[in-house]
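This report refers to the structure that appears directly beneath it.
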Amino acid sequence: MSKTLLTAASLMLLLSACDEPLVAEDAKASAAAQSQSADETRPTVLLANRRVVSDPVPTAQTASDTAPAAPTTQSAGVGTAAVTRVTGGPSRPRALPDPPFLSTEVARFNEPWAMTFLPDGRLLVTEKNGKLRLLNVATKQMGEVTGVPAVAYGGQGGFGDVVLHPQFASNKYVYFSYAEAGSNGTRGAVVARAVLTLAASGNSGSLGAPDVVWRQAPKVSGEGHYSHRIAFDGANRLWITSGDRQKADPAQDLQSNLGKVLRLTDSGGVPADNPFVAQGGEAAKVWSLGHRNPLGIAFDAQGRLWTHEMGPAGGDELNLIERGSNYGWPIVSNGDNYDGSVIPDHPTRPEFNAPEDWWTPVIAPAGFILYSGDLFPYFRGHGFIGGLASQALIRIEFNGNQGGELKRYPMGKRIREVEQGPDGAIWVLEDGADARLLKLTPKPL
């Protein structure tokens, strides 16, 4: 369905409810106007509609009287209203509670951005102002890891993602991203790695000298759309999402790494089989292009790479990332510019890779997992996306190369990050000051 069905009244309501004038999102806006991006302050109005047309939020219910022998999830179709049931042998199907989890507060943080669990069960949490917290989730003892480089804090910038190397048990490498100041007021994202040393007693640690493995190029003005999410694949390749820094056009320029998904070796080198390696320079590191602000990245059990990204005024996207593919930004989008000017829809330019799912009004996605645990067996293989403007946890169903929203769980606060714990619990971080860390565990069936 074309986004043009969005009424003018709806668009005006969306614009007027933003925390700041949406013109700050325009690439031509001054750096001062970008202190807080409209991407992350977009309103919750009209969020019952996942697309432009009405699409009611589904509720769990019993599907039939015939039950298979193992737990299953049944859907009316990827991204559509769905039925979820849980069975355990010959008994009648039971509906999942709504929501299907209990939420327990564990700790609070100041502007948290990302988290990752250590092998011993403790949790590393980044805070935008440059702090790396170490939390013992069992005792709730909070400590700090020192040695974080200076970050360019402001707007959407600061301390970003944190991920362990797949061989952390032997090499102790922690990878992290942050905004770095450049000359003449410019800034850009950085991904670095450092050896983590944990104190023999207590709840603290330190990072060794950081080794920068990647930088956004070029550094530009403004404080938005760094993206800088990190993931590793099964071959220990390093994947990085690089936002367009609110400049739009560089997303189509292969000699700029803005608006791209990058694929590197774990030391920052260029794999010989990257799609644009023959072009050299920044192009050699690019796996896909035409992205706006990808704030979630995760691999499924089959090794497929999925990302989500924020659209402009509408058109948030869920994408399956394919080698050498162009996703069209800023030439096409299922959203429009904040000044009301129209961007052509994806179907008008079939040479660009269209999203597997998209949202208008927006959900403002942030954080992403593909669930693989045992605590919620009926969620296995499903994705979970944090919603900032939507103040929700978005459940995604996948079917091969397709994926889409299955269910939305209101959380009452902006959700910045989602992670799977060692025991299969789902952990979420709220956004902003005094933000809660919540542990989600199953409700009894």
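Each chain in the structure tokens gets a letter, A, B, ..., in the order shown, and its residues are numbered from 1; ligands are numbered from 1 in order too.
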Residues near Gly160 in chain A, cut-off 9 Å, only C-alpha atoms, skip fewer than 4 positions along chain, as JSON, numbers by chain: {"A": [112, 113, 114, 126, 127, 128, 130, 176, 177, 178, 179, 227, 228, 229]}
For N, CA and C atoms, I'd like the residues from the last selection saved as a JSON list (two decimals), in the first residue's frame.
```json
[["chain", "number", "residue", "atom", "x", "y", "z"],
["A", 112, "PRO", "N", 21.92, 4.73, 29.28],
["A", 112, "PRO", "CA", 22.57, 3.52, 28.75],
["A", 112, "PRO", "C", 22.33, 3.38, 27.25],
["A", 113, "TRP", "N", 23.25, 2.71, 26.58],
["A", 113, "TRP", "CA", 23.14, 2.55, 25.12],
["A", 113, "TRP", "C", 23.20, 1.10, 24.68],
["A", 114, "ALA", "N", 24.06, 0.30, 25.31],
["A", 114, "ALA", "CA", 24.22, -1.09, 24.88],
["A", 114, "ALA", "C", 24.66, -1.93, 26.06],
["A", 126, "THR", "N", 27.19, 0.14, 28.53],
["A", 126, "THR", "CA", 27.75, 1.44, 28.16],
["A", 126, "THR", "C", 26.77, 2.54, 28.51],
["A", 127, "GLU", "N", 27.29, 3.67, 28.97],
["A", 127, "GLU", "CA", 26.51, 4.88, 29.15],
["A", 127, "GLU", "C", 27.06, 5.94, 28.22],
["A", 128, "LYS", "N", 26.17, 6.72, 27.62],
["A", 128, "LYS", "CA", 26.57, 7.64, 26.54],
["A", 128, "LYS", "C", 27.66, 8.62, 26.94],
["A", 130, "GLY", "N", 30.31, 8.12, 28.46],
["A", 130, "GLY", "CA", 31.65, 7.56, 28.44],
["A", 130, "GLY", "C", 31.96, 6.59, 29.56],
["A", 176, "PHE", "N", 34.12, -2.07, 21.09],
["A", 176, "PHE", "CA", 33.19, -1.03, 21.48],
["A", 176, "PHE", "C", 33.23, 0.10, 20.46],
["A", 177, "SER", "N", 32.13, 0.85, 20.40],
["A", 177, "SER", "CA", 32.03, 1.96, 19.46],
["A", 177, "SER", "C", 31.75, 3.25, 20.22],
["A", 178, "TYR", "N", 32.14, 4.36, 19.62],
["A", 178, "TYR", "CA", 31.92, 5.65, 20.26],
["A", 178, "TYR", "C", 32.05, 6.75, 19.20],
["A", 179, "ALA", "N", 31.54, 7.93, 19.55],
["A", 179, "ALA", "CA", 31.71, 9.11, 18.71],
["A", 179, "ALA", "C", 33.01, 9.80, 19.07],
["A", 227, "SER", "N", 24.99, 5.35, 14.13],
["A", 227, "SER", "CA", 24.63, 3.93, 14.05],
["A", 227, "SER", "C", 25.62, 3.08, 14.86],
["A", 228, "HIS", "N", 26.78, 2.84, 14.36],
["A", 228, "HIS", "CA", 27.92, 2.11, 14.95],
["A", 228, "HIS", "C", 27.54, 0.91, 15.81],
["A", 229, "ARG", "N", 26.64, 0.07, 15.27],
["A", 229, "ARG", "CA", 26.35, -1.22, 15.89],
["A", 229, "ARG", "C", 27.35, -2.26, 15.38]]
```
Enumerate as a PDB file with N, CA and C atoms, in the first residue's frame all residues of range 236-350 of chain A assigned to helix (DSSP H, G or I) by DSSP on the backbone, naming them with the chain letters and numbers the document uses.
```
ATOM      1  N   ASP A 249      23.208  11.873   1.043  1.00  0.00           N
ATOM      2  CA  ASP A 249      23.834  11.502  -0.226  1.00  0.00           C
ATOM      3  C   ASP A 249      25.052  10.577  -0.103  1.00  0.00           C
ATOM      4  N   PRO A 250      25.895  10.700   0.936  1.00  0.00           N
ATOM      5  CA  PRO A 250      27.037   9.779   1.019  1.00  0.00           C
ATOM      6  C   PRO A 250      26.653   8.302   1.088  1.00  0.00           C
ATOM      7  N   ALA A 251      25.397   8.009   1.420  1.00  0.00           N
ATOM      8  CA  ALA A 251      24.967   6.615   1.473  1.00  0.00           C
ATOM      9  C   ALA A 251      25.087   5.927   0.118  1.00  0.00           C
ATOM     10  N   GLN A 252      25.102   6.726  -0.979  1.00  0.00           N
ATOM     11  CA  GLN A 252      25.231   6.172  -2.326  1.00  0.00           C
ATOM     12  C   GLN A 252      26.653   6.288  -2.885  1.00  0.00           C
ATOM     13  N   VAL A 277      35.815  -5.093  -3.324  1.00  0.00           N
ATOM     14  CA  VAL A 277      37.228  -5.057  -2.943  1.00  0.00           C
ATOM     15  C   VAL A 277      38.102  -4.545  -4.075  1.00  0.00           C
ATOM     16  N   ALA A 278      37.724  -4.793  -5.317  1.00  0.00           N
ATOM     17  CA  ALA A 278      38.548  -4.366  -6.450  1.00  0.00           C
ATOM     18  C   ALA A 278      38.620  -2.853  -6.586  1.00  0.00           C
ATOM     19  N   GLN A 279      37.640  -2.141  -6.002  1.00  0.00           N
ATOM     20  CA  GLN A 279      37.644  -0.685  -6.080  1.00  0.00           C
ATOM     21  C   GLN A 279      38.586  -0.039  -5.072  1.00  0.00           C
ATOM     22  N   GLY A 281      40.192   1.355  -1.359  1.00  0.00           N
ATOM     23  CA  GLY A 281      39.757   2.435  -0.478  1.00  0.00           C
ATOM     24  C   GLY A 281      38.610   2.014   0.418  1.00  0.00           C
ATOM     25  N   GLU A 282      37.728   2.952   0.708  1.00  0.00           N
ATOM     26  CA  GLU A 282      36.588   2.667   1.578  1.00  0.00           C
ATOM     27  C   GLU A 282      35.641   1.651   0.954  1.00  0.00           C
ATOM     28  N   ALA A 283      35.546   1.640  -0.368  1.00  0.00           N
ATOM     29  CA  ALA A 283      34.631   0.714  -1.044  1.00  0.00           C
ATOM     30  C   ALA A 283      34.960  -0.736  -0.727  1.00  0.00           C
ATOM     31  N   ALA A 284      36.228  -1.035  -0.537  1.00  0.00           N
ATOM     32  CA  ALA A 284      36.648  -2.412  -0.295  1.00  0.00           C
ATOM     33  C   ALA A 284      36.047  -2.981   0.985  1.00  0.00           C
ATOM     34  N   LYS A 285      35.678  -2.124   1.920  1.00  0.00           N
ATOM     35  CA  LYS A 285      35.143  -2.573   3.207  1.00  0.00           C
ATOM     36  C   LYS A 285      33.625  -2.731   3.190  1.00  0.00           C
ATOM     37  N   HIS A 346       9.708   2.592  -2.426  1.00  0.00           N
ATOM     38  CA  HIS A 346      10.558   1.514  -2.937  1.00  0.00           C
ATOM     39  C   HIS A 346      10.019   0.881  -4.221  1.00  0.00           C
ATOM     40  N   PRO A 347       8.715   0.615  -4.332  1.00  0.00           N
ATOM     41  CA  PRO A 347       8.246  -0.057  -5.555  1.00  0.00           C
ATOM     42  C   PRO A 347       8.495   0.740  -6.837  1.00  0.00           C
ATOM     43  N   THR A 348       8.740   2.047  -6.723  1.00  0.00           N
ATOM     44  CA  THR A 348       8.981   2.838  -7.934  1.00  0.00           C
ATOM     45  C   THR A 348      10.368   2.590  -8.519  1.00  0.00           C
TER      46      THR A 348
END
```
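Comparing A:Lys443, A:Arg304, A:Arg215, A:Arg436 by their smallest distance to Ile240 in chain A, the closest is A:Arg215 (using only C-alpha atoms).
Proximity to Thr197 in chain A was assessed for A:Ala389, A:Ile394, A:Val162, A:Ala169 counting only C-alpha atoms; the smallest distance is recorded for A:Ala169.
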Ala364 in chain A surroundings by only C-alpha atoms, 6 Å radius, close-in-sequence under 6 positions cut, as a list in words: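 So the residues in contact are Met310, Gly387, Leu388 and Ala389 of chain A.
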Since we have the selection now, will you write its residues out, keeping N, CA and C atoms, as a tab-separated table (two decimals), in the first residue's frame?
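Result went into selection.tsv, see below:
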```
chain	number	residue	atom	x	y	z
A	310	MET	N	16.18	3.32	11.11
A	310	MET	CA	15.19	4.38	11.21
A	310	MET	C	14.97	5.05	9.86
A	387	GLY	N	11.71	-0.44	20.95
A	387	GLY	CA	11.06	0.71	20.31
A	387	GLY	C	11.25	1.95	21.15
A	388	LEU	N	11.81	3.00	20.57
A	388	LEU	CA	11.98	4.27	21.27
A	388	LEU	C	10.67	5.05	21.25
A	389	ALA	N	10.29	5.62	20.12
A	389	ALA	CA	9.05	6.38	20.03
A	389	ALA	C	7.84	5.50	20.35
```
Strand (DSSP E or B) call set, DSSP backbone run, range 307-443 of chain A, as a ChimeraX atom specification: /A:307-309,313,316-321,326,336,357-359,365-370,383-387,392-399,402-410,415-420,426-430,435-442
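Proximity ranking of A:Met411, A:Leu437, A:Leu134, A:Leu429 relative to Pro99 in chain A places A:Met411 first, based on only C-alpha atoms.
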Interatomic distance (Å, one decimal) between CA of Pro442 in chain A and CA of Ala231 in chain A: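 Taking CA of Pro442 in chain A and CA of Ala231 in chain A, their separation equals 27.1 Å.
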